[in-house]
file upload.pdb (PDB, C-alpha atoms)
MODEL        1
ATOM      1  CA  MET X 693     -62.880   0.494 185.687
ATOM      2  CA  ILE X 694     -65.177   2.621 183.526
ATOM      3  CA  ASN X 695     -68.271   3.749 185.421
ATOM      4  CA  LYS X 696     -71.205   4.833 183.237
ATOM      5  CA  THR X 697     -73.665   5.325 186.080
ATOM      6  CA  VAL X 698     -75.596   8.569 186.295
ATOM      7  CA  ALA X 699     -77.513   9.704 189.350
ATOM      8  CA  ASP X 700     -81.015   9.654 187.915
ATOM      9  CA  VAL X 701     -83.178   9.995 184.819
ATOM     10  CA  SER X 702     -82.681  13.783 184.758
ATOM     11  CA  GLU X 703     -78.932  13.395 184.361
ATOM     12  CA  ALA X 704     -79.467  10.545 181.891
ATOM     13  CA  CYS X 705     -81.515  12.816 179.627
ATOM     14  CA  LYS X 706     -79.061  15.725 179.531
ATOM     15  CA  GLY X 707     -78.728  16.985 175.980
ATOM     16  CA  VAL X 708     -82.245  16.055 174.932
ATOM     17  CA  SER X 709     -83.875  18.840 172.929
ATOM     18  CA  ASP X 710     -86.619  19.628 170.421
ATOM     19  CA  ASN X 711     -86.642  18.087 166.928
ATOM     20  CA  MET X 712     -84.409  15.150 167.849
ATOM     21  CA  THR X 713     -84.843  11.517 166.829
ATOM     22  CA  PHE X 714     -85.279   8.975 169.618
ATOM     23  CA  MET X 715     -85.226   5.182 169.604
ATOM     24  CA  LEU X 716     -87.314   3.595 172.343
ATOM     25  CA  GLY X 717     -87.053  -0.107 173.088
ATOM     26  CA  GLY X 718     -89.715  -2.587 174.111
ATOM     27  CA  PHE X 719     -92.443  -4.683 172.593
ATOM     28  CA  GLY X 720     -95.988  -3.547 173.243
ATOM     29  CA  LEU X 721     -95.737  -2.324 176.824
ATOM     30  CA  SER X 722     -93.151  -4.937 177.767
ATOM     31  CA  GLY X 723     -89.678  -3.609 178.414
ATOM     32  CA  ILE X 724     -90.390   0.016 177.565
ATOM     33  CA  PRO X 725     -88.182   2.705 179.196
ATOM     34  CA  GLU X 726     -90.905   4.037 181.469
ATOM     35  CA  ASN X 727     -88.690   6.444 183.414
ATOM     36  CA  ALA X 728     -87.177   7.982 180.286
ATOM     37  CA  ILE X 729     -90.576   8.417 178.631
ATOM     38  CA  ALA X 730     -91.938  10.133 181.745
ATOM     39  CA  LYS X 731     -88.939  12.471 181.731
ATOM     40  CA  LEU X 732     -89.427  13.337 178.045
ATOM     41  CA  VAL X 733     -93.027  14.243 178.858
ATOM     42  CA  GLU X 734     -91.842  16.413 181.741
ATOM     43  CA  LEU X 735     -89.175  18.124 179.601
ATOM     44  CA  ASN X 736     -91.919  18.906 177.072
ATOM     45  CA  VAL X 737     -89.631  18.371 174.081
ATOM     46  CA  LYS X 738     -91.419  19.096 170.815
ATOM     47  CA  GLY X 739     -91.213  18.035 167.194
ATOM     48  CA  VAL X 740     -89.498  14.738 167.953
ATOM     49  CA  THR X 741     -89.306  11.646 165.774
ATOM     50  CA  CYS X 742     -89.770   8.374 167.630
ATOM     51  CA  ILE X 743     -88.537   5.011 166.361
ATOM     52  CA  SER X 744     -90.368   2.290 168.251
ATOM     53  CA  ASN X 745     -92.094  -0.988 167.503
ATOM     54  CA  ASN X 746     -95.372   0.520 168.655
ATOM     55  CA  ALA X 747     -96.816   3.765 170.006
ATOM     56  CA  GLY X 748     -97.952   2.591 173.427
ATOM     57  CA  VAL X 749    -101.557   2.949 174.527
ATOM     58  CA  ASP X 750    -103.585   6.103 175.054
ATOM     59  CA  ASP X 751    -102.500   6.765 178.637
ATOM     60  CA  PHE X 752     -99.186   4.930 178.899
ATOM     61  CA  GLY X 753     -95.873   4.566 177.116
ATOM     62  CA  LEU X 754     -95.443   6.751 174.048
ATOM     63  CA  GLY X 755     -99.159   7.491 174.262
ATOM     64  CA  LEU X 756     -98.222  10.053 176.928
ATOM     65  CA  LEU X 757     -96.077  11.958 174.430
ATOM     66  CA  LEU X 758     -98.815  11.734 171.815
ATOM     67  CA  GLN X 759    -101.330  13.205 174.237
ATOM     68  CA  LYS X 760     -99.206  16.352 174.511
ATOM     69  CA  HIS X 761     -98.515  16.482 170.759
ATOM     70  CA  GLN X 762     -94.771  16.188 171.354
ATOM     71  CA  ILE X 763     -94.233  13.673 168.558
ATOM     72  CA  LYS X 764     -93.943  14.970 165.005
ATOM     73  CA  LYS X 765     -93.255  11.607 163.379
ATOM     74  CA  MET X 766     -93.638   7.953 164.381
ATOM     75  CA  ILE X 767     -91.592   5.201 162.741
ATOM     76  CA  SER X 768     -93.236   1.949 163.815
ATOM     77  CA  SER X 769     -94.378  -1.492 162.761
ATOM     78  CA  TYR X 770     -97.506  -1.915 164.917
ATOM     79  CA  VAL X 771     -99.857   0.833 166.047
ATOM     80  CA  GLY X 772    -103.152  -0.914 166.720
ATOM     81  CA  GLU X 773    -103.579  -0.193 170.433
ATOM     82  CA  ASN X 774    -103.674   3.595 170.444
ATOM     83  CA  ALA X 775    -106.815   5.518 169.514
ATOM     84  CA  GLU X 776    -105.095   8.920 169.823
ATOM     85  CA  PHE X 777    -102.379   7.747 167.441
ATOM     86  CA  GLU X 778    -105.079   6.756 164.946
ATOM     87  CA  ARG X 779    -106.825  10.103 165.293
ATOM     88  CA  GLN X 780    -103.624  12.131 164.790
ATOM     89  CA  MET X 781    -102.536  10.004 161.832
ATOM     90  CA  LEU X 782    -105.886  10.228 160.024
ATOM     91  CA  SER X 783    -106.169  13.966 160.669
ATOM     92  CA  GLY X 784    -102.696  14.609 159.293
ATOM     93  CA  GLU X 785    -101.324  15.908 162.609
ATOM     94  CA  LEU X 786     -98.806  13.080 162.816
ATOM     95  CA  GLU X 787     -96.378  11.784 160.189
ATOM     96  CA  VAL X 788     -96.192   7.997 160.174
ATOM     97  CA  ASP X 789     -93.809   5.526 158.575
ATOM     98  CA  LEU X 790     -95.140   1.972 158.877
ATOM     99  CA  ILE X 791     -92.339  -0.538 158.430
ATOM    100  CA  PRO X 792     -92.316  -4.360 158.406
ATOM    101  CA  GLN X 793     -91.283  -5.494 161.877
ATOM    102  CA  GLY X 794     -88.182  -7.376 160.772
ATOM    103  CA  THR X 795     -87.035  -4.443 158.672
ATOM    104  CA  LEU X 796     -87.504  -2.109 161.636
ATOM    105  CA  ALA X 797     -85.351  -4.346 163.821
ATOM    106  CA  GLN X 798     -82.675  -4.710 161.154
ATOM    107  CA  ARG X 799     -82.502  -0.974 160.476
ATOM    108  CA  CYS X 800     -81.749  -0.512 164.183
ATOM    109  CA  GLN X 801     -79.211  -3.334 164.120
ATOM    110  CA  ALA X 802     -77.565  -1.910 161.000
ATOM    111  CA  ALA X 803     -77.116   1.451 162.721
ATOM    112  CA  LYS X 804     -75.629  -0.346 165.728
ATOM    113  CA  THR X 805     -73.088  -2.286 163.673
ATOM    114  CA  GLY X 806     -72.141   0.526 161.292
ATOM    115  CA  ILE X 807     -73.773  -0.944 158.193
ATOM    116  CA  PRO X 808     -75.250   1.963 156.190
ATOM    117  CA  ALA X 809     -77.833  -0.054 154.211
ATOM    118  CA  PHE X 810     -78.979  -3.565 153.343
ATOM    119  CA  TYR X 811     -81.296  -5.398 150.967
ATOM    120  CA  THR X 812     -84.444  -7.205 152.101
ATOM    121  CA  PRO X 813     -87.335  -8.852 150.208
ATOM    122  CA  ALA X 814     -89.860  -7.621 152.784
ATOM    123  CA  GLY X 815     -92.233  -5.052 151.306
ATOM    124  CA  TYR X 816     -91.274  -5.433 147.666
ATOM    125  CA  GLY X 817     -94.275  -4.836 145.393
ATOM    126  CA  THR X 818     -96.184  -2.954 148.100
ATOM    127  CA  GLU X 819     -96.461   0.680 149.201
ATOM    128  CA  VAL X 820     -93.494   0.025 151.485
ATOM    129  CA  GLY X 821     -91.258  -0.256 148.425
ATOM    130  CA  GLU X 822     -92.405   2.853 146.570
ATOM    131  CA  GLY X 823     -89.460   5.007 145.507
ATOM    132  CA  LYS X 824     -86.826   2.626 146.883
ATOM    133  CA  GLU X 825     -83.912   1.112 145.027
ATOM    134  CA  THR X 826     -84.430  -2.542 144.101
ATOM    135  CA  LYS X 827     -82.127  -5.393 143.140
ATOM    136  CA  GLU X 828     -82.551  -9.046 142.283
ATOM    137  CA  PHE X 829     -80.823 -11.755 144.309
ATOM    138  CA  ASN X 830     -81.226 -15.445 143.441
ATOM    139  CA  GLY X 831     -84.276 -14.694 141.321
ATOM    140  CA  LYS X 832     -86.030 -12.682 144.035
ATOM    141  CA  MET X 833     -86.467  -8.903 144.182
ATOM    142  CA  HIS X 834     -85.234  -6.959 147.191
ATOM    143  CA  LEU X 835     -85.527  -3.407 148.524
ATOM    144  CA  LEU X 836     -82.624  -1.289 149.701
ATOM    145  CA  GLU X 837     -83.252  -0.136 153.264
ATOM    146  CA  HIS X 838     -81.071   2.368 155.120
ATOM    147  CA  ALA X 839     -79.866   2.263 158.704
ATOM    148  CA  PHE X 840     -81.591   4.635 161.091
ATOM    149  CA  LYS X 841     -79.933   7.795 162.377
ATOM    150  CA  ALA X 842     -80.963   8.677 165.918
ATOM    151  CA  ASP X 843     -79.768  11.103 168.578
ATOM    152  CA  PHE X 844     -80.740   9.044 171.632
ATOM    153  CA  ALA X 845     -81.643   5.404 172.199
ATOM    154  CA  PHE X 846     -83.612   4.777 175.398
ATOM    155  CA  VAL X 847     -83.625   1.130 176.475
ATOM    156  CA  LYS X 848     -84.804  -0.727 179.541
ATOM    157  CA  ALA X 849     -83.111  -3.804 180.990
ATOM    158  CA  TRP X 850     -83.785  -6.180 183.852
ATOM    159  CA  LYS X 851     -80.256  -5.998 185.253
ATOM    160  CA  GLY X 852     -77.224  -3.892 184.471
ATOM    161  CA  ASP X 853     -73.888  -3.050 186.008
ATOM    162  CA  THR X 854     -71.956   0.166 186.449
ATOM    163  CA  ALA X 855     -69.934  -0.552 183.286
ATOM    164  CA  GLY X 856     -73.144  -0.592 181.220
ATOM    165  CA  ASN X 857     -73.458  -4.337 180.623
ATOM    166  CA  LEU X 858     -77.131  -5.315 180.256
ATOM    167  CA  ILE X 859     -79.340  -8.366 180.758
ATOM    168  CA  PHE X 860     -82.899  -8.356 179.414
ATOM    169  CA  LYS X 861     -85.746 -10.566 180.519
ATOM    170  CA  GLY X 862     -88.426 -12.244 178.418
ATOM    171  CA  THR X 863     -90.217 -10.171 175.806
ATOM    172  CA  ALA X 864     -88.162  -7.100 176.749
ATOM    173  CA  ARG X 865     -85.414  -8.605 174.571
ATOM    174  CA  ASN X 866     -87.414  -7.511 171.519
ATOM    175  CA  PHE X 867     -85.913  -4.283 170.104
ATOM    176  CA  ASN X 868     -84.028  -3.216 173.246
ATOM    177  CA  PRO X 869     -80.814  -5.081 172.297
ATOM    178  CA  ASN X 870     -81.066  -3.871 168.690
ATOM    179  CA  MET X 871     -81.393  -0.255 169.772
ATOM    180  CA  ALA X 872     -78.677  -0.286 172.431
ATOM    181  CA  GLY X 873     -75.740   1.268 170.625
ATOM    182  CA  ALA X 874     -77.707   2.312 167.538
ATOM    183  CA  ALA X 875     -77.830   6.043 168.370
ATOM    184  CA  LYS X 876     -75.317   8.752 169.217
ATOM    185  CA  VAL X 877     -76.137   8.285 172.903
ATOM    186  CA  THR X 878     -77.634   5.146 174.475
ATOM    187  CA  VAL X 879     -79.346   5.547 177.836
ATOM    188  CA  ALA X 880     -80.180   2.377 179.755
ATOM    189  CA  GLU X 881     -82.534   2.246 182.691
ATOM    190  CA  VAL X 882     -82.480  -0.945 184.729
ATOM    191  CA  GLU X 883     -84.574  -2.570 187.411
ATOM    192  CA  GLU X 884     -81.473  -3.681 189.279
ATOM    193  CA  LEU X 885     -78.068  -1.968 189.087
ATOM    194  CA  VAL X 886     -75.055  -3.866 190.421
ATOM    195  CA  GLU X 887     -71.311  -3.349 190.561
ATOM    196  CA  ALA X 888     -69.170  -4.286 187.573
ATOM    197  CA  GLY X 889     -68.139  -7.924 187.783
ATOM    198  CA  GLU X 890     -71.281  -9.133 189.533
ATOM    199  CA  LEU X 891     -73.056 -10.233 186.351
ATOM    200  CA  ASP X 892     -72.196 -13.587 184.795
ATOM    201  CA  PRO X 893     -70.437 -12.695 181.502
ATOM    202  CA  ASN X 894     -72.195 -15.644 179.827
ATOM    203  CA  HIS X 895     -75.593 -14.095 180.546
ATOM    204  CA  ILE X 896     -74.932 -10.555 179.267
ATOM    205  CA  HIS X 897     -77.010  -9.659 176.207
ATOM    206  CA  VAL X 898     -75.491  -6.241 175.452
ATOM    207  CA  PRO X 899     -71.916  -5.361 176.458
ATOM    208  CA  GLY X 900     -71.291  -2.007 178.075
ATOM    209  CA  ILE X 901     -69.384  -0.637 175.087
ATOM    210  CA  PHE X 902     -72.762   0.083 173.476
ATOM    211  CA  VAL X 903     -74.077   2.095 176.464
ATOM    212  CA  GLN X 904     -73.101   5.645 177.437
ATOM    213  CA  ARG X 905     -75.362   6.207 180.470
ATOM    214  CA  ILE X 906     -77.027   3.829 182.900
ATOM    215  CA  PHE X 907     -79.227   4.450 185.920
ATOM    216  CA  GLN X 908     -81.428   2.638 188.402
ATOM    217  CA  GLY X 909     -85.072   3.008 187.372
ATOM    218  CA  GLU X 910     -87.972   3.194 189.776
ATOM    219  CA  LYS X 911     -91.739   2.816 190.152
ATOM    220  CA  TYR X 912     -92.244   0.507 187.170
ATOM    221  CA  GLU X 913     -95.899  -0.181 186.403
ATOM    222  CA  LYS X 914     -95.258  -2.924 183.824
ATOM    223  CA  ARG X 915     -98.753  -2.697 182.425
ATOM    224  CA  ILE X 916    -100.376  -5.366 180.271
ATOM    225  CA  GLU X 917    -101.978  -4.147 177.048
ATOM    226  CA  GLN X 918    -104.726  -6.751 176.856
ATOM    227  CA  LEU X 919    -105.384  -8.748 179.984
ATOM    228  CA  THR X 920    -106.797 -12.183 179.164
ATOM    229  CA  VAL X 921    -107.930 -14.326 182.061
ATOM    230  CA  ARG X 922    -109.648 -17.654 182.307
ATOM    231  CA  LYS X 923    -113.417 -17.536 182.807
ATOM    232  CA  LYS X 924    -114.702 -18.876 186.088
TER
ENDMDL
END
call {"tool": "encode", "arguments": {"input": "upload.pdb", "output": "structure tokens"}}
result
Amino acid sequence: MINKTVADVSEACKGVSDNMTFMLGGFGLSGIPENAIAKLVELNVKGVTCISNNAGVDDFGLGLLLQKHQIKKMISSYVGENAEFERQMLSGELEVDLIPQGTLAQRCQAAKTGIPAFYTPAGYGTEVGEGKETKEFNGKMHLLEHAFKADFAFVKAWKGDTAGNLIFKGTARNFNPNMAGAAKVTVAEVEELVEAGELDPNHIHVPGIFVQRIFQGEKYEKRIEQLTVRKK
């Protein structure tokens, strides 16, 4: 039986270096690889490109990397919760590619499945489409979008087994499954790590073939971006 377990986040991040491209799963602050992000901060890697739906908040998630100016370029679809991101973008300190959310997900999925490029109508006729190849299908114009190329994909799952099979929970299923397997190396951190064979095969969202390293995460904060409660 193949065992893809590594001892901890330090071993999981072996090979990480400056100027690499990272995919980081999650949606808002839900399902983000908290342990991996903390380790990237600690390693103080510089000049990195991050592919993520969003850029975290000022003091959590990818916001921690932004605080230390470790990110050279952000490729995202939503960035509205991070004041430091806004400041760096407007000042020219940070390169930013804003991409329609569906296109972002599909560019990850394309990389995962070995499809080099695809056509989509999203963004045609806007700044998103400037300089891109176009083609008409069924009377509608489409843009050619290319699959991402990333060195590491960091994903976070609810449960996983030693063979790398993953189960996600709730909103964490946004982007994590698309990114798992979409980079040269996929690192999965999980809340609960079990032996191979313990997970119901019918419940597995990502099979272990897409994962190279898996470890048991710890000390998850699971913050909420905007807490809305009922008035008394």
call {"tool": "resolve_selection", "arguments": {"input": "upload.pdb", "expression": "the PyMOL selection byres ((chain X and resi 913) around 10)", "output": "VMD selection string"}}
result
chain X and resid 721 726 752 910 to 912 914 to 916
call {"tool": "closest_residue", "arguments": {"input": "upload.pdb", "among": "X:Asn857, X:Thr805, X:Thr878, X:Thr812", "to": "Asn894 in chain X", "atoms": "only C-alpha atoms"}}
result
X:Asn857
call {"tool": "closest_atom_pairs", "arguments": {"input": "upload.pdb", "of": "range 793-909 of chain X", "to": "range 762-769 of chain X", "cutoff": "10 Å", "atoms": "all atoms listed in the file", "output": "CSV"}}
result
residue,atom,partner,partner_atom,distance
X:Gln793,CA,X:Ser769,CA,5.1
X:Gly794,CA,X:Ser769,CA,8.8
X:Thr795,CA,X:Ser769,CA,8.9
X:Leu796,CA,X:Ser769,CA,7.0
X:Ala797,CA,X:Ser769,CA,9.5
call {"tool": "write_last_selection", "arguments": {"input": "upload.pdb", "atoms": "C-alpha atoms", "output": "mmCIF file, in the frame of the given file"}}
result
data_model
loop_
_atom_site.group_PDB
_atom_site.id
_atom_site.type_symbol
_atom_site.label_atom_id
_atom_site.label_comp_id
_atom_site.auth_asym_id
_atom_site.auth_seq_id
_atom_site.Cartn_x
_atom_site.Cartn_y
_atom_site.Cartn_z
ATOM 1 C CA GLN X 793 -91.283 -5.494 161.877
ATOM 2 C CA GLY X 794 -88.182 -7.376 160.772
ATOM 3 C CA THR X 795 -87.035 -4.443 158.672
ATOM 4 C CA LEU X 796 -87.504 -2.109 161.636
ATOM 5 C CA ALA X 797 -85.351 -4.346 163.821
#
call {"tool": "residues_around", "arguments": {"input": "upload.pdb", "residues": "range 846-852 of chain X", "least_positions_apart": "5", "cutoff": "9 Å", "atoms": "all atoms listed in the file", "output": "JSON, numbers by chain"}}
result
{"X": [714, 715, 716, 717, 718, 723, 724, 725, 726, 728, 729, 857, 858, 859, 860, 861, 864, 865, 867, 868, 869, 871, 872, 877, 878, 879, 880, 881, 882, 883, 884, 885, 886, 887, 888, 891, 896, 900, 906, 907, 908, 909]}
call {"tool": "closest_residue", "arguments": {"input": "upload.pdb", "among": "X:Pro808, X:Gly823, X:Gly831, X:Gly889", "to": "Ala874 in chain X", "atoms": "all atoms listed in the file"}}
result
X:Pro808
call {"tool": "resolve_selection", "arguments": {"input": "upload.pdb", "expression": "the PyMOL selection byres ((chain X and resi 737) around 6)", "output": "JSON, numbers by chain"}}
result
{"X": [709, 710, 735, 736, 738]}
